[in-house]
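Trainee: Can you keep this structure in mind? I'll have questions shortly.
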Amino acid sequence: LPEEVFVFCSFNTLYKADPETFGTWMAILRRVPNSILWIAASPAEAADYILREVAAAGINPARLHLLPWLDDDEHLRAKGLCQLFLDSPNYNAHVTGTDALWVGIPILTLPVAKMGSRVAASLLSTLGSHVAAELVVRSYLEYEDRAVSLALNMTRWELLRAELVDGVVHSPLFDMEHYVRLLERAYDTMWEIFAAGLPPRHIKLGSEGTNMCRAKSSV
């Protein structure tokens with residue numbers, strides 16, 4: 001990667017990037033000249049097409065970097081080199097988004113109607129209200145403006161990233177031990193309901209001051 005540039009990234013598979021999203025990415029690159037966009041070359045066959053579309057948008061194709069398929073550890077290290085993950089609104093990053101947060105990359109997302117478009121906002125909501133307020137936007141225009149603002153104001157970006165990293169450390173999202181305890185409690189409760197001959201019902205879990213998990217018994 002070039003030195004001293006702001007690195008936007010989107011490591012979702014390319015089919016998640018619809019024309020409106022791609023056009024917004026190009027608008028962001030035009031407004032942040034000292035920046036690049038790093039995307040996953042997946043599927044690899046789409047790389048030439050994407051590069052042509054970048055050129056057609058008036059952006060130097062050299063500012064688009066393609067990440068090949070890497071092993072898990074290498075993939076995490078690559079993500080750690082980026083400054084802002086540009087989510088694809090119509091179909092969000094799921095595991096990829098969790099990985100990005102784990103290595104400290106803020107994810108900018110725009111939730112729309114479908115469940116698959118609201119995953120990143122849900123992930124961010126576990127990291128604190130200010131992190132979510134900065135990174136969950138409500139329109140493509142706000143998405144573009146927020147990306148540009150964070151890229152051009154490194155003090156704002158650094159404060160946000162520090163808050164995000166602290167959120168990751170304390171978030172229930174990455175507390176696997178607590179998650180397993182709640183899941184086991186859900187299974188135990190489902191069995192108790194079944195063994196008692198009772199009809200299925202919703203189960204609310206979280207005796208430690210949190211309603212982190214909700215399950216429905218359907219056994």
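Ordered as shown in the structure tokens, chains take letters A, B, and onward, while each chain numbers its residues from 1 and ligands are numbered from 1 in the order shown.
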Which residues are near Tyr143 in chain A? Cut-off 9 Å, only C-alpha atoms, ignore same chain within fewer than 3 positions. Put them as number ranges by chain.
Mentor: A: 24, 86, 108-110, 135-140, 146-148
Trainee: Filtering to C-alpha atoms, could you give me those residues as a JSON list (two decimals), in the first residue's frame?
Mentor:
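That gives us again-v3.json:
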[["chain", "number", "residue", "atom", "x", "y", "z"],
["A", 24, "THR", "CA", -20.93, 6.69, -3.59],
["A", 86, "LEU", "CA", -17.17, 1.14, 3.79],
["A", 108, "LEU", "CA", -19.49, 2.95, 8.20],
["A", 109, "THR", "CA", -22.90, 1.47, 7.48],
["A", 110, "LEU", "CA", -26.32, 2.46, 6.18],
["A", 135, "LEU", "CA", -20.92, 5.12, 12.09],
["A", 136, "VAL", "CA", -24.60, 4.29, 11.49],
["A", 137, "VAL", "CA", -26.03, 6.79, 9.00],
["A", 138, "ARG", "CA", -29.48, 7.23, 7.43],
["A", 139, "SER", "CA", -28.87, 8.14, 3.78],
["A", 140, "TYR", "CA", -26.31, 7.74, 1.02],
["A", 146, "ARG", "CA", -19.36, 11.04, 7.06],
["A", 147, "ALA", "CA", -16.69, 9.05, 5.22],
["A", 148, "VAL", "CA", -15.17, 12.26, 3.86]]
Trainee: Can you pull out the residues contacting Asn12 in chain A? Cut-off 8 Å, using only C-alpha atoms, and skip same-chain residues under 4 positions away; I want them as a count of residues only.
Mentor: 8
Trainee: Report, in Å with one decimal, the straight-line distance from CA of Arg201 in chain A to CA of Asp188 in chain A.
Mentor: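 Computed distance, CA of Arg201 in chain A to CA of Asp188 in chain A, equals 13.7 Å.
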Trainee: Please determine, counting only C-alpha atoms, which residue among A:Gly167, A:Pro61, A:Pro200, A:Pro106 has the shortest atom-to-atom distance to Leu150 in chain A.
Mentor: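 Among the listed residues, A:Pro106 lies closest to Leu150 in chain A.
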Trainee: For Ser10 in chain A, which of A:Ala186, A:Val112, A:Ile28, A:Leu37 is the closest residue, counting only C-alpha atoms?
Mentor: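 Closest to Ser10 in chain A, using only C-alpha atoms: A:Leu37.
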Trainee: If you run DSSP on the backbone here, which positions in range 69-214 of chain A get helix (DSSP H, G or I)? Please write them as JSON, numbers by chain.
Mentor: {"A": [72, 73, 74, 75, 76, 77, 78, 79, 95, 96, 97, 98, 99, 100, 101, 102, 115, 116, 117, 119, 120, 121, 122, 123, 124, 125, 129, 130, 131, 132, 133, 134, 135, 140, 141, 142, 143, 144, 145, 146, 147, 148, 149, 150, 151, 152, 154, 155, 156, 157, 158, 159, 160, 161, 162, 163, 164, 165, 166, 167, 168, 169, 170, 172, 173, 174, 176, 177, 178, 179, 180, 181, 182, 183, 184, 185, 186, 187, 188, 189, 190, 191, 192, 193, 194, 195]}
Trainee: How about saving the chosen residues, C-alpha atoms kept, as an mmCIF file, in the first residue's frame?
Mentor:
data_model
loop_
_atom_site.group_PDB
_atom_site.id
_atom_site.type_symbol
_atom_site.label_atom_id
_atom_site.label_comp_id
_atom_site.auth_asym_id
_atom_site.auth_seq_id
_atom_site.Cartn_x
_atom_site.Cartn_y
_atom_site.Cartn_z
ATOM 1 C CA ASP A 72 -7.271 -16.089 8.171
ATOM 2 C CA ASP A 73 -4.292 -14.621 10.047
ATOM 3 C CA GLU A 74 -3.043 -12.765 6.974
ATOM 4 C CA HIS A 75 -6.542 -11.515 6.254
ATOM 5 C CA LEU A 76 -6.813 -10.016 9.747
ATOM 6 C CA ARG A 77 -3.396 -8.378 9.401
ATOM 7 C CA ALA A 78 -4.473 -6.868 6.077
ATOM 8 C CA LYS A 79 -7.649 -5.464 7.622
ATOM 9 C CA VAL A 95 -18.308 -12.244 9.714
ATOM 10 C CA THR A 96 -16.140 -9.847 7.709
ATOM 11 C CA GLY A 97 -17.550 -6.972 9.739
ATOM 12 C CA THR A 98 -16.906 -8.746 13.024
ATOM 13 C CA ASP A 99 -13.310 -9.356 11.934
ATOM 14 C CA ALA A 100 -12.917 -5.688 11.030
ATOM 15 C CA LEU A 101 -14.152 -4.528 14.419
ATOM 16 C CA TRP A 102 -11.917 -7.056 16.163
ATOM 17 C CA MET A 115 -32.262 -8.038 7.848
ATOM 18 C CA GLY A 116 -29.046 -8.539 5.861
ATOM 19 C CA SER A 117 -28.685 -4.770 5.590
ATOM 20 C CA VAL A 119 -26.222 -6.526 10.650
ATOM 21 C CA ALA A 120 -23.398 -3.995 10.880
ATOM 22 C CA ALA A 121 -25.604 -1.504 12.740
ATOM 23 C CA SER A 122 -26.431 -4.250 15.229
ATOM 24 C CA LEU A 123 -22.738 -5.040 15.719
ATOM 25 C CA LEU A 124 -21.891 -1.372 16.224
ATOM 26 C CA SER A 125 -24.707 -0.882 18.725
ATOM 27 C CA SER A 129 -23.969 4.853 21.653
ATOM 28 C CA HIS A 130 -21.418 7.390 20.395
ATOM 29 C CA VAL A 131 -19.664 4.841 18.163
ATOM 30 C CA ALA A 132 -23.016 3.847 16.681
ATOM 31 C CA ALA A 133 -24.060 7.485 16.231
ATOM 32 C CA GLU A 134 -20.866 8.221 14.285
ATOM 33 C CA LEU A 135 -20.916 5.118 12.090
ATOM 34 C CA TYR A 140 -26.305 7.737 1.018
ATOM 35 C CA LEU A 141 -25.546 11.460 1.228
ATOM 36 C CA GLU A 142 -24.826 11.175 4.954
ATOM 37 C CA TYR A 143 -22.738 8.048 4.232
ATOM 38 C CA GLU A 144 -20.618 9.998 1.750
ATOM 39 C CA ASP A 145 -20.274 13.067 3.961
ATOM 40 C CA ARG A 146 -19.364 11.039 7.065
ATOM 41 C CA ALA A 147 -16.690 9.051 5.219
ATOM 42 C CA VAL A 148 -15.166 12.258 3.860
ATOM 43 C CA SER A 149 -15.316 13.970 7.257
ATOM 44 C CA LEU A 150 -13.549 11.114 9.036
ATOM 45 C CA ALA A 151 -10.872 10.859 6.344
ATOM 46 C CA LEU A 152 -10.107 14.587 6.395
ATOM 47 C CA MET A 154 -7.700 12.524 11.651
ATOM 48 C CA THR A 155 -8.263 13.801 15.185
ATOM 49 C CA ARG A 156 -11.926 12.860 14.895
ATOM 50 C CA TRP A 157 -11.001 9.503 13.360
ATOM 51 C CA GLU A 158 -8.419 8.730 16.080
ATOM 52 C CA LEU A 159 -10.867 9.525 18.879
ATOM 53 C CA LEU A 160 -13.526 7.369 17.240
ATOM 54 C CA ARG A 161 -11.139 4.475 16.730
ATOM 55 C CA ALA A 162 -9.951 4.642 20.343
ATOM 56 C CA GLU A 163 -13.551 4.551 21.543
ATOM 57 C CA LEU A 164 -14.302 1.645 19.205
ATOM 58 C CA VAL A 165 -11.306 -0.360 20.413
ATOM 59 C CA ASP A 166 -12.353 0.205 24.025
ATOM 60 C CA GLY A 167 -15.862 -0.882 23.099
ATOM 61 C CA VAL A 168 -14.587 -4.085 21.542
ATOM 62 C CA VAL A 169 -12.738 -4.952 24.751
ATOM 63 C CA HIS A 170 -15.854 -4.513 26.892
ATOM 64 C CA PRO A 172 -20.722 -8.593 24.954
ATOM 65 C CA LEU A 173 -20.272 -9.134 21.212
ATOM 66 C CA PHE A 174 -16.831 -10.625 21.805
ATOM 67 C CA MET A 176 -17.638 -15.762 24.128
ATOM 68 C CA GLU A 177 -17.688 -17.192 27.646
ATOM 69 C CA HIS A 178 -20.760 -15.152 28.552
ATOM 70 C CA TYR A 179 -22.402 -16.007 25.219
ATOM 71 C CA VAL A 180 -21.862 -19.730 25.800
ATOM 72 C CA ARG A 181 -23.332 -19.486 29.311
ATOM 73 C CA LEU A 182 -26.452 -17.817 27.937
ATOM 74 C CA LEU A 183 -26.762 -20.335 25.105
ATOM 75 C CA GLU A 184 -26.465 -23.242 27.528
ATOM 76 C CA ARG A 185 -29.100 -21.619 29.742
ATOM 77 C CA ALA A 186 -31.393 -21.297 26.722
ATOM 78 C CA TYR A 187 -31.000 -25.008 25.908
ATOM 79 C CA ASP A 188 -31.643 -25.966 29.545
ATOM 80 C CA THR A 189 -34.777 -23.809 29.648
ATOM 81 C CA MET A 190 -36.058 -25.237 26.353
ATOM 82 C CA TRP A 191 -35.672 -28.752 27.737
ATOM 83 C CA GLU A 192 -37.418 -27.846 30.992
ATOM 84 C CA ILE A 193 -40.381 -26.410 29.058
ATOM 85 C CA PHE A 194 -40.576 -29.516 26.879
ATOM 86 C CA ALA A 195 -40.213 -31.934 29.805
#
Trainee: Please determine, counting only C-alpha atoms, which residue among A:Ile105, A:Arg30, A:Leu81, A:Ser42 has the shortest atom-to-atom distance to Glu3 in chain A.
Mentor: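 Among the listed residues, the smallest separation from Glu3 in chain A belongs to A:Leu81.
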Trainee: Which distance in Å separates CA of Gln83 in chain A and CA of Glu45 in chain A, to one decimal?
Mentor: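 Taking CA of Gln83 in chain A and CA of Glu45 in chain A, their separation equals 26.7 Å.
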Trainee: One number please: CA of Ile36 in chain A to CA of Val5 in chain A, in Å, one decimal.
Mentor: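 The value is 6.9 Å.
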Trainee: Looking at A:Ile203, A:Ala62, A:Arg118, A:Leu1, which one is nearest to Asn90 in chain A, with distances taken over only C-alpha atoms?
Mentor: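 Answer, going by the shortest atom-to-atom distance: A:Arg118.
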Trainee: From a backbone DSSP assignment, name each residue in range 56-159 of chain A labelled strand (DSSP E or B), as JSON, numbers by chain.
Mentor: {"A": [64, 65, 66, 67, 84, 85, 86, 107, 108, 109, 136]}
